[in-house]
Amino acid sequence: KVKSFDSLDSQDYGSPRWSQHMLSGDVGSTHQPIKFWVVSVNDITFIKNTYPTIPVVIYIHGGGFIGSFPVTERKLVSRWAEDTKALMVYIDYSYGSQAKSPTQLDECYRYVLQGKLGVKPASIVIVAESNGGALAAGVCLKAIEEDLKTPDGLVLGYPVLNFENTLTPSRTVFMMDPVVPMNLIRQCRSAYLPKHDNNVASHPHTSPIMASNQVLAKFPPTDIMVGGFDPFL
């Protein structure tokens, strides 16, 4: 089973180029380097020299903090890069087996703040799926709290916005979902959250649905897609 992009052949995914980059950790800090991929129809050097600005789309994948879906995600992101001509960025954040919350949010937020590629974004939109939706919303929350510019938009596909161990109506009705049963959700939750700290799950950085209406009102335009049989709600 493919676990990462490293073993995939970029020639199998059409014309968009995939290039791997590293955002180094701060000197003297505990920050680990962050691996990310830049996806574009044109070479990044050509973009720098040709376009004064370019739309940037940051993609935060799902996978429940225990994995990802490299083949599917690579095809999707390549298609988006080709259709929109935007500069796509795929953040390869840590799995729960490598680090616990809030490491993953800190990595995504640090990339948004520091992951400069030498291009001037015409706009920045974050697209995220599943648990990645919590990270994308968390990035916006942190930017609002620090009085920084938020992304220009969010697109969240079936996001997990509540990591509390509670039975919502949706979770109760669909707890035996054949694809994402409640037991799997609990395993993903355990992989992400640190043990013996019950306050982390209810913090808005972890469960953005807990943010106040005053803070949520400052969010950029946000599209949220959910399923008719969605156990994440």
# chains A, B, ... in the order shown; residues from 1 in each chain; ligands from 1
>>> select_by_dssp(residues="chain A", states="alpha helix (DSSP H)", output="PyMOL selection string")
chain A and resi 44-50+70-84+103-114+131-145+169-173+182-192+199-202+213-216
>>> write_last_selection(atoms="C-alpha atoms", output="PDB file, in the first residue's frame")
ATOM      1  CA  ILE A  44       8.206  27.795 -10.388  1.00  0.00           C
ATOM      2  CA  THR A  45      11.128  29.788 -11.826  1.00  0.00           C
ATOM      3  CA  PHE A  46       9.107  30.535 -14.960  1.00  0.00           C
ATOM      4  CA  ILE A  47       6.199  31.702 -12.780  1.00  0.00           C
ATOM      5  CA  LYS A  48       8.454  34.036 -10.767  1.00  0.00           C
ATOM      6  CA  ASN A  49       9.854  35.613 -13.928  1.00  0.00           C
ATOM      7  CA  THR A  50       6.606  35.796 -15.896  1.00  0.00           C
ATOM      8  CA  PRO A  70      -1.693   9.748  -2.191  1.00  0.00           C
ATOM      9  CA  VAL A  71      -2.883   8.364  -5.508  1.00  0.00           C
ATOM     10  CA  THR A  72      -6.328   9.975  -5.338  1.00  0.00           C
ATOM     11  CA  GLU A  73      -5.030  13.234  -3.891  1.00  0.00           C
ATOM     12  CA  ARG A  74      -2.298  13.552  -6.473  1.00  0.00           C
ATOM     13  CA  LYS A  75      -4.756  13.096  -9.310  1.00  0.00           C
ATOM     14  CA  LEU A  76      -7.147  15.644  -7.790  1.00  0.00           C
ATOM     15  CA  VAL A  77      -4.536  18.299  -7.089  1.00  0.00           C
ATOM     16  CA  SER A  78      -2.973  17.812 -10.526  1.00  0.00           C
ATOM     17  CA  ARG A  79      -6.383  18.253 -12.151  1.00  0.00           C
ATOM     18  CA  TRP A  80      -7.060  21.410 -10.129  1.00  0.00           C
ATOM     19  CA  ALA A  81      -3.673  22.861 -11.069  1.00  0.00           C
ATOM     20  CA  GLU A  82      -4.339  22.165 -14.729  1.00  0.00           C
ATOM     21  CA  ASP A  83      -7.909  23.518 -14.715  1.00  0.00           C
ATOM     22  CA  THR A  84      -7.326  26.659 -12.618  1.00  0.00           C
ATOM     23  CA  THR A 103       1.630  19.890  16.115  1.00  0.00           C
ATOM     24  CA  GLN A 104      -0.333  19.409  12.882  1.00  0.00           C
ATOM     25  CA  LEU A 105      -2.109  22.751  13.197  1.00  0.00           C
ATOM     26  CA  ASP A 106       1.155  24.493  14.069  1.00  0.00           C
ATOM     27  CA  GLU A 107       2.789  23.004  10.957  1.00  0.00           C
ATOM     28  CA  CYS A 108       0.005  24.188   8.646  1.00  0.00           C
ATOM     29  CA  TYR A 109      -0.099  27.617  10.259  1.00  0.00           C
ATOM     30  CA  ARG A 110       3.688  27.985  10.121  1.00  0.00           C
ATOM     31  CA  TYR A 111       3.628  27.141   6.424  1.00  0.00           C
ATOM     32  CA  VAL A 112       0.949  29.763   5.729  1.00  0.00           C
ATOM     33  CA  LEU A 113       3.050  32.372   7.558  1.00  0.00           C
ATOM     34  CA  GLN A 114       6.527  31.407   6.397  1.00  0.00           C
ATOM     35  CA  ASN A 131      -9.804  16.115   9.416  1.00  0.00           C
ATOM     36  CA  GLY A 132      -7.908  18.566   7.214  1.00  0.00           C
ATOM     37  CA  GLY A 133     -10.986  20.785   7.517  1.00  0.00           C
ATOM     38  CA  ALA A 134     -10.281  21.203  11.225  1.00  0.00           C
ATOM     39  CA  LEU A 135      -6.711  22.253  10.431  1.00  0.00           C
ATOM     40  CA  ALA A 136      -7.835  24.722   7.761  1.00  0.00           C
ATOM     41  CA  ALA A 137     -10.392  26.296  10.088  1.00  0.00           C
ATOM     42  CA  GLY A 138      -7.790  26.293  12.853  1.00  0.00           C
ATOM     43  CA  VAL A 139      -5.407  28.250  10.642  1.00  0.00           C
ATOM     44  CA  CYS A 140      -8.087  30.915  10.216  1.00  0.00           C
ATOM     45  CA  LEU A 141      -8.779  30.990  13.954  1.00  0.00           C
ATOM     46  CA  LYS A 142      -5.115  31.521  14.780  1.00  0.00           C
ATOM     47  CA  ALA A 143      -4.810  34.279  12.167  1.00  0.00           C
ATOM     48  CA  ILE A 144      -7.861  36.047  13.601  1.00  0.00           C
ATOM     49  CA  GLU A 145      -6.536  35.742  17.154  1.00  0.00           C
ATOM     50  CA  PRO A 169     -27.443  13.164  16.169  1.00  0.00           C
ATOM     51  CA  SER A 170     -25.488  12.483  12.966  1.00  0.00           C
ATOM     52  CA  ARG A 171     -22.931  10.290  14.720  1.00  0.00           C
ATOM     53  CA  THR A 172     -25.697   8.375  16.480  1.00  0.00           C
ATOM     54  CA  VAL A 173     -27.653   7.656  13.300  1.00  0.00           C
ATOM     55  CA  MET A 182     -17.747   5.264  14.932  1.00  0.00           C
ATOM     56  CA  ASN A 183     -14.964   2.933  16.069  1.00  0.00           C
ATOM     57  CA  LEU A 184     -12.726   4.226  13.272  1.00  0.00           C
ATOM     58  CA  ILE A 185     -13.523   7.827  14.194  1.00  0.00           C
ATOM     59  CA  ARG A 186     -12.513   7.086  17.782  1.00  0.00           C
ATOM     60  CA  GLN A 187      -9.266   5.484  16.629  1.00  0.00           C
ATOM     61  CA  CYS A 188      -8.431   8.578  14.577  1.00  0.00           C
ATOM     62  CA  ARG A 189      -9.335  10.784  17.511  1.00  0.00           C
ATOM     63  CA  SER A 190      -7.026   8.796  19.792  1.00  0.00           C
ATOM     64  CA  ALA A 191      -4.208   9.018  17.258  1.00  0.00           C
ATOM     65  CA  TYR A 192      -4.503  12.824  17.105  1.00  0.00           C
ATOM     66  CA  ASN A 199      -9.300  20.007  27.488  1.00  0.00           C
ATOM     67  CA  VAL A 200      -7.580  19.724  24.109  1.00  0.00           C
ATOM     68  CA  ALA A 201     -10.610  18.239  22.325  1.00  0.00           C
ATOM     69  CA  SER A 202     -12.888  21.116  23.340  1.00  0.00           C
ATOM     70  CA  ASN A 213     -19.883  33.474  16.958  1.00  0.00           C
ATOM     71  CA  GLN A 214     -17.898  36.700  17.241  1.00  0.00           C
ATOM     72  CA  VAL A 215     -14.768  34.948  15.992  1.00  0.00           C
ATOM     73  CA  LEU A 216     -16.577  32.902  13.341  1.00  0.00           C
TER      74      LEU A 216
END
>>> select_by_dssp(residues="region 107-221 of chain A", states="strand (DSSP E)", output="PyMOL selection string")
chain A and resi 121-129+153-157
>>> write_last_selection(atoms="all heavy atoms", output="compact mmCIF listing (two decimals), in the first residue's frame")
# COMPACT_ATOMS: atom_id res chain seq x y z
N PRO A 121 1.12 36.12 -4.23
CA PRO A 121 -0.22 35.54 -4.44
C PRO A 121 -1.25 36.61 -4.81
O PRO A 121 -1.33 37.66 -4.17
CB PRO A 121 -0.55 34.92 -3.09
CG PRO A 121 0.75 34.80 -2.36
CD PRO A 121 1.58 35.95 -2.84
N ALA A 122 -2.02 36.33 -5.85
CA ALA A 122 -3.16 37.19 -6.15
C ALA A 122 -4.26 36.93 -5.14
O ALA A 122 -5.03 37.83 -4.80
CB ALA A 122 -3.66 36.90 -7.57
N SER A 123 -4.32 35.72 -4.64
CA SER A 123 -5.27 35.32 -3.60
C SER A 123 -4.77 34.00 -3.02
O SER A 123 -3.99 33.29 -3.66
CB SER A 123 -6.69 35.14 -4.16
OG SER A 123 -6.70 34.15 -5.17
N ILE A 124 -5.21 33.71 -1.80
CA ILE A 124 -4.87 32.44 -1.16
C ILE A 124 -6.16 31.78 -0.67
O ILE A 124 -6.91 32.37 0.11
CB ILE A 124 -3.91 32.65 0.03
CG1 ILE A 124 -2.59 33.25 -0.44
CG2 ILE A 124 -3.66 31.31 0.74
CD1 ILE A 124 -1.62 33.56 0.69
N VAL A 125 -6.40 30.60 -1.16
CA VAL A 125 -7.57 29.82 -0.75
C VAL A 125 -7.08 28.50 -0.18
O VAL A 125 -6.15 27.89 -0.72
CB VAL A 125 -8.53 29.57 -1.94
CG1 VAL A 125 -9.64 28.60 -1.55
CG2 VAL A 125 -9.10 30.87 -2.45
N ILE A 126 -7.68 28.07 0.93
CA ILE A 126 -7.35 26.78 1.51
C ILE A 126 -8.47 25.79 1.21
O ILE A 126 -9.64 26.08 1.49
CB ILE A 126 -7.13 26.86 3.03
CG1 ILE A 126 -5.98 27.84 3.36
CG2 ILE A 126 -6.81 25.49 3.60
CD1 ILE A 126 -5.70 27.97 4.85
N VAL A 127 -8.11 24.67 0.62
CA VAL A 127 -9.05 23.59 0.34
C VAL A 127 -8.67 22.42 1.24
O VAL A 127 -7.49 22.05 1.34
CB VAL A 127 -8.98 23.15 -1.13
CG1 VAL A 127 -9.92 21.97 -1.39
CG2 VAL A 127 -9.33 24.32 -2.05
N ALA A 128 -9.63 21.85 1.94
CA ALA A 128 -9.32 20.79 2.90
C ALA A 128 -10.45 19.77 2.94
O ALA A 128 -11.60 20.09 2.66
CB ALA A 128 -9.08 21.37 4.28
N GLU A 129 -10.07 18.55 3.31
CA GLU A 129 -11.04 17.46 3.41
C GLU A 129 -10.94 16.78 4.77
O GLU A 129 -9.86 16.70 5.35
CB GLU A 129 -10.80 16.43 2.31
CG GLU A 129 -10.96 16.96 0.90
CD GLU A 129 -10.70 15.89 -0.13
OE1 GLU A 129 -9.54 15.70 -0.53
OE2 GLU A 129 -11.66 15.21 -0.55
N GLY A 153 -10.33 32.62 1.23
CA GLY A 153 -11.49 31.73 1.20
C GLY A 153 -11.13 30.36 1.71
O GLY A 153 -9.96 29.96 1.74
N LEU A 154 -12.15 29.63 2.15
CA LEU A 154 -12.01 28.24 2.58
C LEU A 154 -12.99 27.38 1.81
O LEU A 154 -14.14 27.78 1.59
CB LEU A 154 -12.31 28.09 4.08
CG LEU A 154 -11.38 28.70 5.12
CD1 LEU A 154 -11.90 28.37 6.52
CD2 LEU A 154 -9.98 28.18 4.96
N VAL A 155 -12.55 26.19 1.42
CA VAL A 155 -13.44 25.19 0.84
C VAL A 155 -13.22 23.90 1.64
O VAL A 155 -12.13 23.31 1.58
CB VAL A 155 -13.15 24.94 -0.65
CG1 VAL A 155 -14.10 23.88 -1.20
CG2 VAL A 155 -13.27 26.24 -1.44
N LEU A 156 -14.22 23.50 2.41
CA LEU A 156 -14.08 22.36 3.32
C LEU A 156 -15.02 21.24 2.87
O LEU A 156 -16.23 21.41 2.81
CB LEU A 156 -14.42 22.78 4.75
CG LEU A 156 -13.70 24.04 5.29
CD1 LEU A 156 -14.14 24.32 6.72
CD2 LEU A 156 -12.19 23.88 5.19
N GLY A 157 -14.43 20.09 2.57
CA GLY A 157 -15.21 18.94 2.15
C GLY A 157 -15.38 17.97 3.31
O GLY A 157 -14.40 17.50 3.88
>>> closest_residue(among="A:Gly96, A:Pro208, A:Gly115, A:Pro102", to="Met22 (chain A)", atoms="only C-alpha atoms")
A:Gly115
>>> atom_distance(atom1="CA of Leu117 (chain A)", atom2="CA of Tyr59 (chain A)")
15.6 Å
>>> atom_distance(atom1="CA of Tyr90 (chain A)", atom2="CA of Ser68 (chain A)")
11.9 Å
>>> closest_residue(among="A:Thr222, A:Asn165, A:Ser130, A:Gln98", to="Thr150 (chain A)", atoms="only C-alpha atoms")
A:Thr222
>>> closest_residue(among="A:Phe69, A:Phe219, A:Phe232, A:Phe174", to="Asn162 (chain A)", atoms="only C-alpha atoms")
A:Phe232
>>> closest_residue(among="A:Pro55, A:Phe36, A:Ile60, A:Ser207", to="Ser24 (chain A)", atoms="only C-alpha atoms")
A:Phe36
>>> atom_distance(atom1="CA of Gln20 (chain A)", atom2="CA of Val119 (chain A)")
16.4 Å
>>> residues_around(residues="Lys35 (chain A)", least_positions_apart="4", cutoff="8 Å", atoms="only C-alpha atoms", output="list in words")
Gln20, His21, Met22, Leu23, Ile91, Asp92 and Tyr93 of chain A
>>> decode(residues="region 109-204 of chain A", atoms="C-alpha atoms", output="PDB file, in the first residue's frame")
ATOM      1  CA  TYR A 109      -0.099  27.617  10.259  1.00  0.00           C
ATOM      2  CA  ARG A 110       3.688  27.985  10.121  1.00  0.00           C
ATOM      3  CA  TYR A 111       3.628  27.141   6.424  1.00  0.00           C
ATOM      4  CA  VAL A 112       0.949  29.763   5.729  1.00  0.00           C
ATOM      5  CA  LEU A 113       3.050  32.372   7.558  1.00  0.00           C
ATOM      6  CA  GLN A 114       6.527  31.407   6.397  1.00  0.00           C
ATOM      7  CA  GLY A 115       6.302  29.160   3.339  1.00  0.00           C
ATOM      8  CA  LYS A 116       7.349  31.769   0.818  1.00  0.00           C
ATOM      9  CA  LEU A 117       8.079  30.614  -2.723  1.00  0.00           C
ATOM     10  CA  GLY A 118       9.152  33.919  -4.203  1.00  0.00           C
ATOM     11  CA  VAL A 119       5.780  34.562  -5.842  1.00  0.00           C
ATOM     12  CA  LYS A 120       3.188  37.193  -5.009  1.00  0.00           C
ATOM     13  CA  PRO A 121      -0.215  35.545  -4.444  1.00  0.00           C
ATOM     14  CA  ALA A 122      -3.159  37.185  -6.153  1.00  0.00           C
ATOM     15  CA  SER A 123      -5.271  35.315  -3.602  1.00  0.00           C
ATOM     16  CA  ILE A 124      -4.870  32.442  -1.157  1.00  0.00           C
ATOM     17  CA  VAL A 125      -7.573  29.820  -0.754  1.00  0.00           C
ATOM     18  CA  ILE A 126      -7.349  26.778   1.513  1.00  0.00           C
ATOM     19  CA  VAL A 127      -9.046  23.587   0.342  1.00  0.00           C
ATOM     20  CA  ALA A 128      -9.318  20.788   2.897  1.00  0.00           C
ATOM     21  CA  GLU A 129     -11.041  17.460   3.411  1.00  0.00           C
ATOM     22  CA  SER A 130     -12.132  15.490   6.457  1.00  0.00           C
ATOM     23  CA  ASN A 131      -9.804  16.115   9.416  1.00  0.00           C
ATOM     24  CA  GLY A 132      -7.908  18.566   7.214  1.00  0.00           C
ATOM     25  CA  GLY A 133     -10.986  20.785   7.517  1.00  0.00           C
ATOM     26  CA  ALA A 134     -10.281  21.203  11.225  1.00  0.00           C
ATOM     27  CA  LEU A 135      -6.711  22.253  10.431  1.00  0.00           C
ATOM     28  CA  ALA A 136      -7.835  24.722   7.761  1.00  0.00           C
ATOM     29  CA  ALA A 137     -10.392  26.296  10.088  1.00  0.00           C
ATOM     30  CA  GLY A 138      -7.790  26.293  12.853  1.00  0.00           C
ATOM     31  CA  VAL A 139      -5.407  28.250  10.642  1.00  0.00           C
ATOM     32  CA  CYS A 140      -8.087  30.915  10.216  1.00  0.00           C
ATOM     33  CA  LEU A 141      -8.779  30.990  13.954  1.00  0.00           C
ATOM     34  CA  LYS A 142      -5.115  31.521  14.780  1.00  0.00           C
ATOM     35  CA  ALA A 143      -4.810  34.279  12.167  1.00  0.00           C
ATOM     36  CA  ILE A 144      -7.861  36.047  13.601  1.00  0.00           C
ATOM     37  CA  GLU A 145      -6.536  35.742  17.154  1.00  0.00           C
ATOM     38  CA  GLU A 146      -3.188  37.204  16.118  1.00  0.00           C
ATOM     39  CA  ASP A 147      -4.870  39.959  14.079  1.00  0.00           C
ATOM     40  CA  LEU A 148      -3.340  38.749  10.820  1.00  0.00           C
ATOM     41  CA  LYS A 149      -4.891  38.562   7.380  1.00  0.00           C
ATOM     42  CA  THR A 150      -6.936  35.418   6.923  1.00  0.00           C
ATOM     43  CA  PRO A 151      -6.910  33.392   3.686  1.00  0.00           C
ATOM     44  CA  ASP A 152      -9.235  34.775   1.036  1.00  0.00           C
ATOM     45  CA  GLY A 153     -11.488  31.733   1.195  1.00  0.00           C
ATOM     46  CA  LEU A 154     -12.010  28.238   2.583  1.00  0.00           C
ATOM     47  CA  VAL A 155     -13.440  25.189   0.845  1.00  0.00           C
ATOM     48  CA  LEU A 156     -14.085  22.364   3.315  1.00  0.00           C
ATOM     49  CA  GLY A 157     -15.212  18.937   2.153  1.00  0.00           C
ATOM     50  CA  TYR A 158     -17.007  16.818   4.800  1.00  0.00           C
ATOM     51  CA  PRO A 159     -14.875  18.449   7.523  1.00  0.00           C
ATOM     52  CA  VAL A 160     -14.402  17.103  11.047  1.00  0.00           C
ATOM     53  CA  LEU A 161     -14.974  20.239  13.114  1.00  0.00           C
ATOM     54  CA  ASN A 162     -15.710  18.596  16.464  1.00  0.00           C
ATOM     55  CA  PHE A 163     -13.245  16.221  18.137  1.00  0.00           C
ATOM     56  CA  GLU A 164     -15.130  15.917  21.396  1.00  0.00           C
ATOM     57  CA  ASN A 165     -16.102  12.347  22.241  1.00  0.00           C
ATOM     58  CA  THR A 166     -19.821  13.044  22.070  1.00  0.00           C
ATOM     59  CA  LEU A 167     -22.669  11.381  20.214  1.00  0.00           C
ATOM     60  CA  THR A 168     -24.194  14.033  17.993  1.00  0.00           C
ATOM     61  CA  PRO A 169     -27.443  13.164  16.169  1.00  0.00           C
ATOM     62  CA  SER A 170     -25.488  12.483  12.966  1.00  0.00           C
ATOM     63  CA  ARG A 171     -22.931  10.290  14.720  1.00  0.00           C
ATOM     64  CA  THR A 172     -25.697   8.375  16.480  1.00  0.00           C
ATOM     65  CA  VAL A 173     -27.653   7.656  13.300  1.00  0.00           C
ATOM     66  CA  PHE A 174     -24.619   6.793  11.192  1.00  0.00           C
ATOM     67  CA  MET A 175     -22.330   5.189  13.785  1.00  0.00           C
ATOM     68  CA  MET A 176     -22.354   1.949  11.784  1.00  0.00           C
ATOM     69  CA  ASP A 177     -21.405   3.641   8.527  1.00  0.00           C
ATOM     70  CA  PRO A 178     -19.674   1.014   6.331  1.00  0.00           C
ATOM     71  CA  VAL A 179     -16.877   3.395   5.319  1.00  0.00           C
ATOM     72  CA  VAL A 180     -16.310   5.456   8.489  1.00  0.00           C
ATOM     73  CA  PRO A 181     -17.880   3.686  11.489  1.00  0.00           C
ATOM     74  CA  MET A 182     -17.747   5.264  14.932  1.00  0.00           C
ATOM     75  CA  ASN A 183     -14.964   2.933  16.069  1.00  0.00           C
ATOM     76  CA  LEU A 184     -12.726   4.226  13.272  1.00  0.00           C
ATOM     77  CA  ILE A 185     -13.523   7.827  14.194  1.00  0.00           C
ATOM     78  CA  ARG A 186     -12.513   7.086  17.782  1.00  0.00           C
ATOM     79  CA  GLN A 187      -9.266   5.484  16.629  1.00  0.00           C
ATOM     80  CA  CYS A 188      -8.431   8.578  14.577  1.00  0.00           C
ATOM     81  CA  ARG A 189      -9.335  10.784  17.511  1.00  0.00           C
ATOM     82  CA  SER A 190      -7.026   8.796  19.792  1.00  0.00           C
ATOM     83  CA  ALA A 191      -4.208   9.018  17.258  1.00  0.00           C
ATOM     84  CA  TYR A 192      -4.503  12.824  17.105  1.00  0.00           C
ATOM     85  CA  LEU A 193      -5.222  13.917  20.664  1.00  0.00           C
ATOM     86  CA  PRO A 194      -2.686  13.705  23.483  1.00  0.00           C
ATOM     87  CA  LYS A 195      -3.595  11.324  26.279  1.00  0.00           C
ATOM     88  CA  HIS A 196      -4.681  12.529  29.706  1.00  0.00           C
ATOM     89  CA  ASP A 197      -5.638  16.015  28.489  1.00  0.00           C
ATOM     90  CA  ASN A 198      -9.402  16.263  28.136  1.00  0.00           C
ATOM     91  CA  ASN A 199      -9.300  20.007  27.488  1.00  0.00           C
ATOM     92  CA  VAL A 200      -7.580  19.724  24.109  1.00  0.00           C
ATOM     93  CA  ALA A 201     -10.610  18.239  22.325  1.00  0.00           C
ATOM     94  CA  SER A 202     -12.888  21.116  23.340  1.00  0.00           C
ATOM     95  CA  HIS A 203     -10.406  23.872  22.437  1.00  0.00           C
ATOM     96  CA  PRO A 204     -11.440  25.779  19.284  1.00  0.00           C
TER      97      PRO A 204
END
